[in-house]
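J.: mmCIF, N, CA and C atoms, saved as protein-v5.cif, coming up:
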```
data_my_file
loop_
_atom_site.label_atom_id
_atom_site.label_comp_id
_atom_site.auth_asym_id
_atom_site.auth_seq_id
_atom_site.Cartn_x
_atom_site.Cartn_y
_atom_site.Cartn_z
N MET X 1 89.00 90.56 109.44
CA MET X 1 88.35 91.20 108.31
C MET X 1 89.41 91.94 107.50
N SER X 2 89.61 91.50 106.28
CA SER X 2 90.64 92.11 105.45
C SER X 2 90.02 93.18 104.55
N VAL X 3 90.66 94.35 104.55
CA VAL X 3 90.21 95.46 103.71
C VAL X 3 91.39 95.93 102.87
N LYS X 4 91.21 95.94 101.55
CA LYS X 4 92.26 96.40 100.65
C LYS X 4 91.77 97.67 99.96
N ILE X 5 92.41 98.79 100.26
CA ILE X 5 92.03 100.06 99.64
C ILE X 5 92.57 100.07 98.21
N VAL X 6 91.67 100.29 97.25
CA VAL X 6 92.03 100.23 95.84
C VAL X 6 92.27 101.63 95.28
N ALA X 7 91.40 102.58 95.62
CA ALA X 7 91.52 103.94 95.09
C ALA X 7 91.03 104.95 96.12
N THR X 8 91.64 106.13 96.13
CA THR X 8 91.21 107.21 97.01
C THR X 8 91.06 108.49 96.21
N ASN X 9 90.20 109.36 96.70
CA ASN X 9 90.00 110.68 96.11
C ASN X 9 90.72 111.67 97.02
N ARG X 10 91.97 111.97 96.71
CA ARG X 10 92.81 112.78 97.58
C ARG X 10 92.39 114.24 97.60
N LYS X 11 91.77 114.71 96.54
CA LYS X 11 91.37 116.11 96.47
C LYS X 11 90.11 116.41 97.28
N ALA X 12 89.36 115.40 97.65
CA ALA X 12 88.08 115.61 98.34
C ALA X 12 88.27 116.39 99.64
N LYS X 13 89.28 116.05 100.41
CA LYS X 13 89.51 116.72 101.69
C LYS X 13 89.89 118.19 101.51
N PHE X 14 90.55 118.48 100.40
CA PHE X 14 90.97 119.85 100.12
C PHE X 14 89.81 120.68 99.56
N GLU X 15 88.97 120.08 98.74
CA GLU X 15 87.89 120.81 98.06
C GLU X 15 86.62 120.96 98.90
N TYR X 16 86.41 120.08 99.90
CA TYR X 16 85.15 120.05 100.64
C TYR X 16 85.38 119.93 102.14
N PHE X 17 84.38 120.38 102.91
CA PHE X 17 84.29 120.05 104.33
C PHE X 17 83.55 118.73 104.39
N LEU X 18 84.20 117.67 104.85
CA LEU X 18 83.59 116.34 104.88
C LEU X 18 82.76 116.19 106.15
N LEU X 19 81.48 115.86 106.00
CA LEU X 19 80.57 115.84 107.14
C LEU X 19 80.19 114.44 107.59
N GLU X 20 79.44 113.70 106.79
CA GLU X 20 78.91 112.42 107.22
C GLU X 20 79.23 111.34 106.18
N SER X 21 79.80 110.23 106.62
CA SER X 21 80.21 109.22 105.64
C SER X 21 79.31 107.99 105.68
N TYR X 22 79.24 107.31 104.53
CA TYR X 22 78.43 106.11 104.36
C TYR X 22 79.25 105.08 103.59
N GLU X 23 78.95 103.81 103.84
CA GLU X 23 79.55 102.72 103.07
C GLU X 23 78.47 102.17 102.14
N ALA X 24 78.80 102.07 100.87
CA ALA X 24 77.83 101.58 99.89
C ALA X 24 78.47 100.49 99.05
N GLY X 25 77.64 99.58 98.59
CA GLY X 25 78.08 98.58 97.64
C GLY X 25 77.98 99.15 96.23
N LEU X 26 78.66 98.53 95.29
CA LEU X 26 78.63 98.95 93.90
C LEU X 26 77.98 97.86 93.06
N GLU X 27 77.06 98.24 92.19
CA GLU X 27 76.48 97.28 91.26
C GLU X 27 77.37 97.26 90.03
N LEU X 28 78.12 96.18 89.87
CA LEU X 28 79.10 96.08 88.79
C LEU X 28 78.67 95.05 87.76
N ARG X 29 79.21 95.17 86.57
CA ARG X 29 78.91 94.22 85.50
C ARG X 29 80.19 93.61 84.97
N GLY X 30 80.11 92.34 84.67
CA GLY X 30 81.17 91.63 83.96
C GLY X 30 82.57 91.82 84.49
N SER X 31 83.40 92.45 83.68
CA SER X 31 84.82 92.54 83.98
C SER X 31 85.19 93.71 84.90
N GLU X 32 84.20 94.49 85.35
CA GLU X 32 84.51 95.66 86.18
C GLU X 32 85.19 95.28 87.49
N ILE X 33 84.74 94.22 88.13
CA ILE X 33 85.33 93.83 89.41
C ILE X 33 86.80 93.42 89.23
N LYS X 34 87.12 92.80 88.11
CA LYS X 34 88.51 92.39 87.87
C LYS X 34 89.39 93.62 87.68
N SER X 35 88.89 94.64 87.01
CA SER X 35 89.65 95.87 86.85
C SER X 35 89.83 96.58 88.18
N ILE X 36 88.79 96.57 89.02
CA ILE X 36 88.89 97.21 90.34
C ILE X 36 89.92 96.48 91.19
N ARG X 37 89.88 95.16 91.18
CA ARG X 37 90.85 94.40 91.97
C ARG X 37 92.28 94.66 91.51
N ALA X 38 92.44 94.97 90.22
CA ALA X 38 93.76 95.28 89.67
C ALA X 38 94.15 96.74 89.94
N GLY X 39 93.25 97.51 90.56
CA GLY X 39 93.55 98.90 90.89
C GLY X 39 93.33 99.86 89.74
N GLN X 40 92.59 99.46 88.73
CA GLN X 40 92.38 100.27 87.53
C GLN X 40 91.11 101.12 87.64
N ILE X 41 91.02 101.92 88.70
CA ILE X 41 89.85 102.79 88.90
C ILE X 41 90.32 104.18 89.32
N SER X 42 89.63 105.19 88.84
CA SER X 42 89.96 106.57 89.17
C SER X 42 88.70 107.30 89.65
N LEU X 43 88.81 107.97 90.78
CA LEU X 43 87.70 108.75 91.33
C LEU X 43 87.92 110.24 91.16
N ALA X 44 88.86 110.64 90.32
CA ALA X 44 89.28 112.04 90.21
C ALA X 44 88.13 112.99 89.93
N GLU X 45 87.30 112.73 88.93
CA GLU X 45 86.20 113.64 88.59
C GLU X 45 84.84 113.06 89.00
N ALA X 46 84.84 112.03 89.80
CA ALA X 46 83.60 111.33 90.13
C ALA X 46 82.78 112.08 91.17
N TYR X 47 81.46 111.86 91.09
CA TYR X 47 80.54 112.41 92.09
C TYR X 47 79.34 111.47 92.18
N ILE X 48 78.50 111.72 93.19
CA ILE X 48 77.32 110.89 93.42
C ILE X 48 76.07 111.69 93.07
N ARG X 49 75.19 111.09 92.27
CA ARG X 49 73.91 111.73 91.92
C ARG X 49 72.81 110.95 92.62
N VAL X 50 71.93 111.67 93.33
CA VAL X 50 70.81 111.04 94.03
C VAL X 50 69.53 111.61 93.43
N ASP X 51 68.59 110.73 93.08
CA ASP X 51 67.33 111.19 92.50
C ASP X 51 66.13 110.95 93.40
N GLY X 52 66.36 110.65 94.65
CA GLY X 52 65.26 110.40 95.58
C GLY X 52 64.99 108.92 95.79
N LYS X 53 65.23 108.10 94.77
CA LYS X 53 64.97 106.67 94.87
C LYS X 53 66.23 105.84 94.73
N GLN X 54 67.19 106.35 93.97
CA GLN X 54 68.45 105.64 93.72
C GLN X 54 69.62 106.59 93.88
N ALA X 55 70.79 106.03 94.12
CA ALA X 55 72.03 106.79 94.16
C ALA X 55 72.94 106.21 93.08
N TRP X 56 73.63 107.08 92.34
CA TRP X 56 74.45 106.66 91.21
C TRP X 56 75.85 107.23 91.34
N LEU X 57 76.85 106.42 91.03
CA LEU X 57 78.23 106.87 90.92
C LEU X 57 78.43 107.33 89.48
N VAL X 58 78.74 108.61 89.31
CA VAL X 58 78.83 109.21 87.98
C VAL X 58 80.27 109.62 87.70
N ASN X 59 80.72 109.36 86.49
CA ASN X 59 82.01 109.82 85.98
C ASN X 59 83.23 109.16 86.62
N ALA X 60 83.05 108.03 87.28
CA ALA X 60 84.20 107.27 87.78
C ALA X 60 84.73 106.44 86.61
N HIS X 61 86.03 106.38 86.48
CA HIS X 61 86.62 105.65 85.36
C HIS X 61 87.16 104.31 85.83
N ILE X 62 86.59 103.24 85.31
CA ILE X 62 87.09 101.89 85.55
C ILE X 62 87.64 101.41 84.21
N ALA X 63 88.94 101.23 84.14
CA ALA X 63 89.60 100.88 82.89
C ALA X 63 89.11 99.53 82.38
N PRO X 64 89.02 99.36 81.06
CA PRO X 64 88.62 98.05 80.51
C PRO X 64 89.62 96.97 80.91
N TYR X 65 89.11 95.80 81.19
CA TYR X 65 89.95 94.67 81.58
C TYR X 65 90.51 94.03 80.32
N GLU X 66 91.81 93.93 80.23
CA GLU X 66 92.48 93.49 79.00
C GLU X 66 92.06 92.08 78.55
N ALA X 67 91.90 91.17 79.50
CA ALA X 67 91.61 89.78 79.13
C ALA X 67 90.14 89.55 78.77
N ALA X 68 89.29 90.56 78.90
CA ALA X 68 87.85 90.37 78.66
C ALA X 68 87.48 90.53 77.20
N ASN X 69 88.37 90.97 76.36
CA ASN X 69 88.20 91.23 74.93
C ASN X 69 86.85 91.87 74.58
N ARG X 70 85.99 91.23 73.82
CA ARG X 70 84.77 91.88 73.34
C ARG X 70 83.68 92.01 74.40
N TYR X 71 83.81 91.34 75.52
CA TYR X 71 82.80 91.41 76.58
C TYR X 71 83.14 92.48 77.61
N ASN X 72 83.93 93.45 77.22
CA ASN X 72 84.35 94.49 78.15
C ASN X 72 83.22 95.45 78.46
N HIS X 73 83.46 96.32 79.42
CA HIS X 73 82.46 97.25 79.92
C HIS X 73 82.74 98.69 79.45
N GLU X 74 81.77 99.54 79.57
CA GLU X 74 81.91 100.96 79.27
C GLU X 74 82.67 101.61 80.43
N PRO X 75 83.82 102.26 80.19
CA PRO X 75 84.65 102.77 81.30
C PRO X 75 83.99 103.83 82.18
N ARG X 76 83.17 104.71 81.62
CA ARG X 76 82.60 105.81 82.41
C ARG X 76 81.08 105.71 82.60
N ARG X 77 80.52 104.54 82.54
CA ARG X 77 79.07 104.42 82.71
C ARG X 77 78.67 104.72 84.15
N GLU X 78 77.40 105.08 84.33
CA GLU X 78 76.89 105.33 85.68
C GLU X 78 76.67 103.99 86.37
N ARG X 79 77.09 103.91 87.62
CA ARG X 79 76.95 102.67 88.38
C ARG X 79 76.06 102.91 89.58
N ARG X 80 75.12 102.01 89.80
CA ARG X 80 74.17 102.17 90.90
C ARG X 80 74.86 101.84 92.22
N LEU X 81 74.57 102.62 93.24
CA LEU X 81 75.09 102.35 94.58
C LEU X 81 74.03 101.59 95.37
N LEU X 82 74.49 100.66 96.16
CA LEU X 82 73.59 99.83 96.94
C LEU X 82 73.55 100.37 98.37
N LEU X 83 72.47 101.08 98.67
CA LEU X 83 72.26 101.70 99.98
C LEU X 83 70.85 101.35 100.48
N HIS X 84 70.63 101.53 101.77
CA HIS X 84 69.29 101.36 102.33
C HIS X 84 68.43 102.56 101.95
N LYS X 85 67.11 102.35 101.91
CA LYS X 85 66.18 103.42 101.53
C LYS X 85 66.33 104.64 102.46
N LYS X 86 66.50 104.38 103.75
CA LYS X 86 66.65 105.48 104.71
C LYS X 86 67.88 106.31 104.40
N GLU X 87 68.97 105.64 104.05
CA GLU X 87 70.21 106.35 103.71
C GLU X 87 70.03 107.18 102.45
N ILE X 88 69.37 106.63 101.45
CA ILE X 88 69.14 107.36 100.20
C ILE X 88 68.28 108.58 100.46
N ARG X 89 67.22 108.42 101.27
CA ARG X 89 66.35 109.56 101.60
C ARG X 89 67.12 110.64 102.34
N LYS X 90 67.96 110.23 103.27
CA LYS X 90 68.76 111.20 104.03
C LYS X 90 69.73 111.95 103.11
N LEU X 91 70.38 111.23 102.21
CA LEU X 91 71.29 111.86 101.25
C LEU X 91 70.53 112.81 100.32
N TRP X 92 69.33 112.40 99.89
CA TRP X 92 68.52 113.23 99.02
C TRP X 92 68.16 114.56 99.71
N ASP X 93 67.82 114.47 101.00
CA ASP X 93 67.51 115.70 101.75
C ASP X 93 68.74 116.59 101.87
N MET X 94 69.91 115.99 102.07
CA MET X 94 71.14 116.77 102.18
C MET X 94 71.48 117.46 100.86
N VAL X 95 71.27 116.77 99.74
CA VAL X 95 71.61 117.33 98.44
C VAL X 95 70.72 118.53 98.12
N ARG X 96 69.47 118.48 98.56
CA ARG X 96 68.56 119.58 98.28
C ARG X 96 68.92 120.84 99.05
N MET X 97 69.73 120.69 100.12
CA MET X 97 70.22 121.88 100.83
C MET X 97 71.27 122.57 99.97
N LYS X 98 71.38 123.89 100.10
CA LYS X 98 72.32 124.64 99.28
C LYS X 98 73.76 124.33 99.67
N GLY X 99 74.60 124.06 98.67
CA GLY X 99 76.02 123.85 98.88
C GLY X 99 76.43 122.45 99.27
N MET X 100 75.47 121.56 99.46
CA MET X 100 75.81 120.19 99.84
C MET X 100 75.97 119.32 98.60
N THR X 101 76.91 118.41 98.67
CA THR X 101 77.12 117.45 97.60
C THR X 101 77.57 116.13 98.21
N ILE X 102 77.58 115.09 97.42
CA ILE X 102 78.02 113.78 97.90
C ILE X 102 79.23 113.38 97.06
N VAL X 103 80.31 113.06 97.75
CA VAL X 103 81.60 112.84 97.10
C VAL X 103 82.09 111.42 97.42
N PRO X 104 82.56 110.68 96.42
CA PRO X 104 83.20 109.39 96.72
C PRO X 104 84.61 109.64 97.24
N VAL X 105 84.95 109.00 98.35
CA VAL X 105 86.25 109.23 98.98
C VAL X 105 87.22 108.08 98.69
N LYS X 106 86.75 106.84 98.83
CA LYS X 106 87.64 105.72 98.53
C LYS X 106 86.85 104.49 98.11
N VAL X 107 87.51 103.66 97.33
CA VAL X 107 86.97 102.37 96.91
C VAL X 107 87.88 101.31 97.51
N TYR X 108 87.27 100.29 98.11
CA TYR X 108 88.06 99.23 98.72
C TYR X 108 87.34 97.90 98.57
N ILE X 109 88.10 96.85 98.80
CA ILE X 109 87.54 95.50 98.72
C ILE X 109 87.50 94.94 100.13
N LYS X 110 86.29 94.61 100.57
CA LYS X 110 86.07 94.12 101.93
C LYS X 110 85.43 92.75 101.83
N GLN X 111 86.13 91.73 102.30
CA GLN X 111 85.66 90.35 102.25
C GLN X 111 85.29 89.94 100.83
N GLY X 112 86.07 90.35 99.85
CA GLY X 112 85.88 89.97 98.46
C GLY X 112 84.84 90.79 97.71
N ILE X 113 84.23 91.79 98.36
CA ILE X 113 83.19 92.60 97.74
C ILE X 113 83.67 94.04 97.61
N ALA X 114 83.45 94.65 96.45
CA ALA X 114 83.86 96.04 96.23
C ALA X 114 82.89 96.97 96.95
N LYS X 115 83.42 97.85 97.75
CA LYS X 115 82.64 98.84 98.50
C LYS X 115 83.18 100.22 98.19
N ILE X 116 82.35 101.24 98.39
CA ILE X 116 82.77 102.61 98.18
C ILE X 116 82.35 103.42 99.40
N GLU X 117 83.25 104.28 99.86
CA GLU X 117 82.92 105.18 100.97
C GLU X 117 82.53 106.52 100.35
N ILE X 118 81.30 106.95 100.65
CA ILE X 118 80.83 108.23 100.14
C ILE X 118 80.61 109.17 101.33
N VAL X 119 80.78 110.47 101.09
CA VAL X 119 80.69 111.44 102.16
C VAL X 119 79.81 112.60 101.74
N ALA X 120 78.89 112.99 102.62
CA ALA X 120 78.13 114.21 102.40
C ALA X 120 79.07 115.36 102.74
N ALA X 121 79.19 116.32 101.83
CA ALA X 121 80.20 117.36 101.98
C ALA X 121 79.63 118.72 101.58
N LYS X 122 80.29 119.75 102.09
CA LYS X 122 79.93 121.12 101.75
C LYS X 122 81.15 121.74 101.10
N GLY X 123 80.97 122.40 99.96
CA GLY X 123 82.08 122.96 99.21
C GLY X 123 82.81 124.06 99.97
N LYS X 124 84.13 124.08 99.87
CA LYS X 124 84.94 125.12 100.51
C LYS X 124 85.04 126.33 99.60
N LYS X 125 85.14 127.48 100.20
CA LYS X 125 85.39 128.72 99.46
C LYS X 125 86.90 128.84 99.26
N GLN X 126 87.29 129.76 98.41
CA GLN X 126 88.71 129.94 98.09
C GLN X 126 89.53 130.29 99.34
N TYR X 127 88.97 131.15 100.21
CA TYR X 127 89.72 131.56 101.41
C TYR X 127 89.88 130.40 102.39
N ASP X 128 88.93 129.47 102.42
CA ASP X 128 89.07 128.28 103.26
C ASP X 128 90.23 127.42 102.78
N LYS X 129 90.36 127.29 101.46
CA LYS X 129 91.45 126.49 100.89
C LYS X 129 92.79 127.15 101.19
N ARG X 130 92.84 128.47 101.10
CA ARG X 130 94.09 129.18 101.41
C ARG X 130 94.49 128.97 102.87
N GLN X 131 93.51 128.99 103.77
CA GLN X 131 93.80 128.76 105.18
C GLN X 131 94.34 127.35 105.40
N ASP X 132 93.79 126.39 104.71
CA ASP X 132 94.28 125.01 104.83
C ASP X 132 95.72 124.90 104.35
N ILE X 133 96.03 125.55 103.23
CA ILE X 133 97.39 125.52 102.69
C ILE X 133 98.35 126.18 103.68
N GLN X 134 97.94 127.31 104.24
CA GLN X 134 98.78 128.03 105.19
C GLN X 134 99.03 127.19 106.44
N ALA X 135 98.00 126.55 106.97
CA ALA X 135 98.16 125.71 108.17
C ALA X 135 99.08 124.52 107.86
N ARG X 136 98.93 123.92 106.69
CA ARG X 136 99.76 122.78 106.31
C ARG X 136 101.22 123.20 106.18
N ASP X 137 101.47 124.37 105.57
CA ASP X 137 102.83 124.87 105.43
C ASP X 137 103.47 125.17 106.77
N MET X 138 102.69 125.78 107.68
CA MET X 138 103.22 126.09 109.02
C MET X 138 103.56 124.81 109.77
N GLU X 139 102.71 123.81 109.65
CA GLU X 139 102.96 122.53 110.32
C GLU X 139 104.22 121.86 109.77
N ARG X 140 104.40 121.94 108.47
CA ARG X 140 105.58 121.36 107.84
C ARG X 140 106.85 122.08 108.31
N ASP X 141 106.79 123.42 108.38
CA ASP X 141 107.95 124.19 108.85
C ASP X 141 108.29 123.86 110.30
N MET X 142 107.28 123.70 111.14
CA MET X 142 107.51 123.35 112.54
C MET X 142 108.17 121.96 112.63
N GLY X 143 107.74 121.04 111.81
CA GLY X 143 108.33 119.71 111.79
C GLY X 143 109.78 119.75 111.36
N ARG X 144 110.10 120.59 110.39
CA ARG X 144 111.48 120.71 109.93
C ARG X 144 112.37 121.31 111.01
N ARG X 145 111.87 122.32 111.68
CA ARG X 145 112.66 122.97 112.73
C ARG X 145 112.88 122.03 113.91
N GLY X 146 111.87 121.24 114.23
CA GLY X 146 111.97 120.31 115.35
C GLY X 146 112.91 119.16 115.07
N SER X 147 113.10 118.78 113.82
CA SER X 147 113.93 117.64 113.49
C SER X 147 115.40 117.99 113.33
N LYS X 148 115.70 119.29 113.19
CA LYS X 148 117.10 119.70 113.03
C LYS X 148 117.82 119.64 114.37
N ALA X 149 119.02 119.11 114.34
CA ALA X 149 119.84 119.03 115.56
C ALA X 149 120.56 120.37 115.75
N VAL X 150 120.51 120.89 116.96
CA VAL X 150 121.15 122.17 117.26
C VAL X 150 122.43 121.87 118.03
N TYR X 151 123.58 122.41 117.53
CA TYR X 151 124.85 122.14 118.19
C TYR X 151 125.35 123.37 118.87
#
```
Translate the structure of the given file into structure tokens.
T.:
Amino acid sequence: MSVKIVATNRKAKFEYFLLESYEAGLELRGSEIKSIRAGQISLAEAYIRVDGKQAWLVNAHIAPYEAANRYNHEPRRERRLLLHKKEIRKLWDMVRMKGMTIVPVKVYIKQGIAKIEIVAAKGKKQYDKRQDIQARDMERDMGRRGSKAVY
């Protein structure tokens, strides 16, 4: 089974506590799949909106495909996520809880089909982010000290 990761949301791990992940299909139109295969997608400001019956990928940017000319797609349109009803209901219940959100983490191509990994997450406070930065810096310093040769 070949999986090619096309785009990742690197800030998600820093901004949120990642809790439960799901794999969803993307409902794409026309030239969007060609742009995704070319790696022309950004999840930087993207989020997932759930309305109880459907889940939507909002604010993800898929660049227009150059060779598609006038049949191109809208770069920031909302795209429907393909999930089971039980999963959508579960996500809807999570979103209604205070502080919970659904974040896209990565887009990849699995067996020729574009998939997106979404995660139910809880927003971090400023002090949580500072603790993460401090732990990362300490780990980096320990790695530097361990790699130096002592004569």
J.: Compare X:Val103, X:Ala12, X:Val6, X:Ile88 by their minimum atom-to-atom distance to Asp51 (chain X), counting all atoms listed in the file, and give me the closest one.
T.: X:Ile88
J.: Quick one: of X:Gly52, X:Gln131, X:Arg37, X:Ser21, who's nearest to Ala114 (chain X), counting all atoms listed in the file?
T.: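 Using all atoms listed in the file, Ala114 (chain X) sits closest to X:Arg37.
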J.: Starting from the shown file, work through the PyMOL selection byres (((chain X and resi 119 and name CA) around 8) and name CA) and note down what comes out as JSON, numbers by chain.
T.: {"X": [18, 19, 20, 21, 22, 102, 103, 104, 105, 117, 118, 120, 121]}
J.: Store the residues picked out above, limited to N, CA and C atoms, as a compact mmCIF listing (two decimals), in the frame of the given file.
T.:
```txt
# COMPACT_ATOMS: atom_id res chain seq x y z
N LEU X 18 84.20 117.67 104.85
CA LEU X 18 83.59 116.34 104.88
C LEU X 18 82.76 116.19 106.15
N LEU X 19 81.48 115.86 106.00
CA LEU X 19 80.57 115.84 107.14
C LEU X 19 80.19 114.44 107.59
N GLU X 20 79.44 113.70 106.79
CA GLU X 20 78.91 112.42 107.22
C GLU X 20 79.23 111.34 106.18
N SER X 21 79.80 110.23 106.62
CA SER X 21 80.21 109.22 105.64
C SER X 21 79.31 107.99 105.68
N TYR X 22 79.24 107.31 104.53
CA TYR X 22 78.43 106.11 104.36
C TYR X 22 79.25 105.08 103.59
N ILE X 102 77.58 115.09 97.42
CA ILE X 102 78.02 113.78 97.90
C ILE X 102 79.23 113.38 97.06
N VAL X 103 80.31 113.06 97.75
CA VAL X 103 81.60 112.84 97.10
C VAL X 103 82.09 111.42 97.42
N PRO X 104 82.56 110.68 96.42
CA PRO X 104 83.20 109.39 96.72
C PRO X 104 84.61 109.64 97.24
N VAL X 105 84.95 109.00 98.35
CA VAL X 105 86.25 109.23 98.98
C VAL X 105 87.22 108.08 98.69
N GLU X 117 83.25 104.28 99.86
CA GLU X 117 82.92 105.18 100.97
C GLU X 117 82.53 106.52 100.35
N ILE X 118 81.30 106.95 100.65
CA ILE X 118 80.83 108.23 100.14
C ILE X 118 80.61 109.17 101.33
N ALA X 120 78.89 112.99 102.62
CA ALA X 120 78.13 114.21 102.40
C ALA X 120 79.07 115.36 102.74
N ALA X 121 79.19 116.32 101.83
CA ALA X 121 80.20 117.36 101.98
C ALA X 121 79.63 118.72 101.58
```
J.: Take the PyMOL selection byres ((chain X and resi 124) around 8), run it mentally on this structure, and tell me the resulting residues as JSON, numbers by chain.
T.: {"X": [14, 15, 16, 17, 99, 121, 122, 123, 125, 126, 127, 128, 129]}
J.: Could you pull out the residues in region 103-151 of chain X that DSSP calls alpha helix (DSSP H) from the backbone, as a PDB file with N, CA and C atoms, in the coordinates of the input?
T.:
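Listed below is the output, states30.pdb:
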```pdb
ATOM      1  N   GLN X 126      87.290 129.760  98.410  1.00  0.00           N
ATOM      2  CA  GLN X 126      88.710 129.940  98.090  1.00  0.00           C
ATOM      3  C   GLN X 126      89.530 130.290  99.340  1.00  0.00           C
ATOM      4  N   TYR X 127      88.970 131.150 100.210  1.00  0.00           N
ATOM      5  CA  TYR X 127      89.720 131.560 101.410  1.00  0.00           C
ATOM      6  C   TYR X 127      89.880 130.400 102.390  1.00  0.00           C
ATOM      7  N   ASP X 128      88.930 129.470 102.420  1.00  0.00           N
ATOM      8  CA  ASP X 128      89.070 128.280 103.260  1.00  0.00           C
ATOM      9  C   ASP X 128      90.230 127.420 102.780  1.00  0.00           C
ATOM     10  N   LYS X 129      90.360 127.290 101.460  1.00  0.00           N
ATOM     11  CA  LYS X 129      91.450 126.490 100.890  1.00  0.00           C
ATOM     12  C   LYS X 129      92.790 127.150 101.190  1.00  0.00           C
ATOM     13  N   ARG X 130      92.840 128.470 101.100  1.00  0.00           N
ATOM     14  CA  ARG X 130      94.090 129.180 101.410  1.00  0.00           C
ATOM     15  C   ARG X 130      94.490 128.970 102.870  1.00  0.00           C
ATOM     16  N   GLN X 131      93.510 128.990 103.770  1.00  0.00           N
ATOM     17  CA  GLN X 131      93.800 128.760 105.180  1.00  0.00           C
ATOM     18  C   GLN X 131      94.340 127.350 105.400  1.00  0.00           C
ATOM     19  N   ASP X 132      93.790 126.390 104.710  1.00  0.00           N
ATOM     20  CA  ASP X 132      94.280 125.010 104.830  1.00  0.00           C
ATOM     21  C   ASP X 132      95.720 124.900 104.350  1.00  0.00           C
ATOM     22  N   ILE X 133      96.030 125.550 103.230  1.00  0.00           N
ATOM     23  CA  ILE X 133      97.390 125.520 102.690  1.00  0.00           C
ATOM     24  C   ILE X 133      98.350 126.180 103.680  1.00  0.00           C
ATOM     25  N   GLN X 134      97.940 127.310 104.240  1.00  0.00           N
ATOM     26  CA  GLN X 134      98.780 128.030 105.190  1.00  0.00           C
ATOM     27  C   GLN X 134      99.030 127.190 106.440  1.00  0.00           C
ATOM     28  N   ALA X 135      98.000 126.550 106.970  1.00  0.00           N
ATOM     29  CA  ALA X 135      98.160 125.710 108.170  1.00  0.00           C
ATOM     30  C   ALA X 135      99.080 124.520 107.860  1.00  0.00           C
ATOM     31  N   ARG X 136      98.930 123.920 106.690  1.00  0.00           N
ATOM     32  CA  ARG X 136      99.760 122.780 106.310  1.00  0.00           C
ATOM     33  C   ARG X 136     101.220 123.200 106.180  1.00  0.00           C
ATOM     34  N   ASP X 137     101.470 124.370 105.570  1.00  0.00           N
ATOM     35  CA  ASP X 137     102.830 124.870 105.430  1.00  0.00           C
ATOM     36  C   ASP X 137     103.470 125.170 106.770  1.00  0.00           C
ATOM     37  N   MET X 138     102.690 125.780 107.680  1.00  0.00           N
ATOM     38  CA  MET X 138     103.220 126.090 109.020  1.00  0.00           C
ATOM     39  C   MET X 138     103.560 124.810 109.770  1.00  0.00           C
ATOM     40  N   GLU X 139     102.710 123.810 109.650  1.00  0.00           N
ATOM     41  CA  GLU X 139     102.960 122.530 110.320  1.00  0.00           C
ATOM     42  C   GLU X 139     104.220 121.860 109.770  1.00  0.00           C
ATOM     43  N   ARG X 140     104.400 121.940 108.470  1.00  0.00           N
ATOM     44  CA  ARG X 140     105.580 121.360 107.840  1.00  0.00           C
ATOM     45  C   ARG X 140     106.850 122.080 108.310  1.00  0.00           C
ATOM     46  N   ASP X 141     106.790 123.420 108.380  1.00  0.00           N
ATOM     47  CA  ASP X 141     107.950 124.190 108.850  1.00  0.00           C
ATOM     48  C   ASP X 141     108.290 123.860 110.300  1.00  0.00           C
ATOM     49  N   MET X 142     107.280 123.700 111.140  1.00  0.00           N
ATOM     50  CA  MET X 142     107.510 123.350 112.540  1.00  0.00           C
ATOM     51  C   MET X 142     108.170 121.960 112.630  1.00  0.00           C
ATOM     52  N   GLY X 143     107.740 121.040 111.810  1.00  0.00           N
ATOM     53  CA  GLY X 143     108.330 119.710 111.790  1.00  0.00           C
ATOM     54  C   GLY X 143     109.780 119.750 111.360  1.00  0.00           C
ATOM     55  N   ARG X 144     110.100 120.590 110.390  1.00  0.00           N
ATOM     56  CA  ARG X 144     111.480 120.710 109.930  1.00  0.00           C
ATOM     57  C   ARG X 144     112.370 121.310 111.010  1.00  0.00           C
ATOM     58  N   ARG X 145     111.870 122.320 111.680  1.00  0.00           N
ATOM     59  CA  ARG X 145     112.660 122.970 112.730  1.00  0.00           C
ATOM     60  C   ARG X 145     112.880 122.030 113.910  1.00  0.00           C
ATOM     61  N   GLY X 146     111.870 121.240 114.230  1.00  0.00           N
ATOM     62  CA  GLY X 146     111.970 120.310 115.350  1.00  0.00           C
ATOM     63  C   GLY X 146     112.910 119.160 115.070  1.00  0.00           C
ATOM     64  N   SER X 147     113.100 118.780 113.820  1.00  0.00           N
ATOM     65  CA  SER X 147     113.930 117.640 113.490  1.00  0.00           C
ATOM     66  C   SER X 147     115.400 117.990 113.330  1.00  0.00           C
TER      67      SER X 147
END
```
J.: Between CA of His73 (chain X) and atom N of Lys53 (chain X), what is the spacing in Å?
T.: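 Result for atom N of Lys53 (chain X) versus CA of His73 (chain X): 25.2 Å, one decimal.
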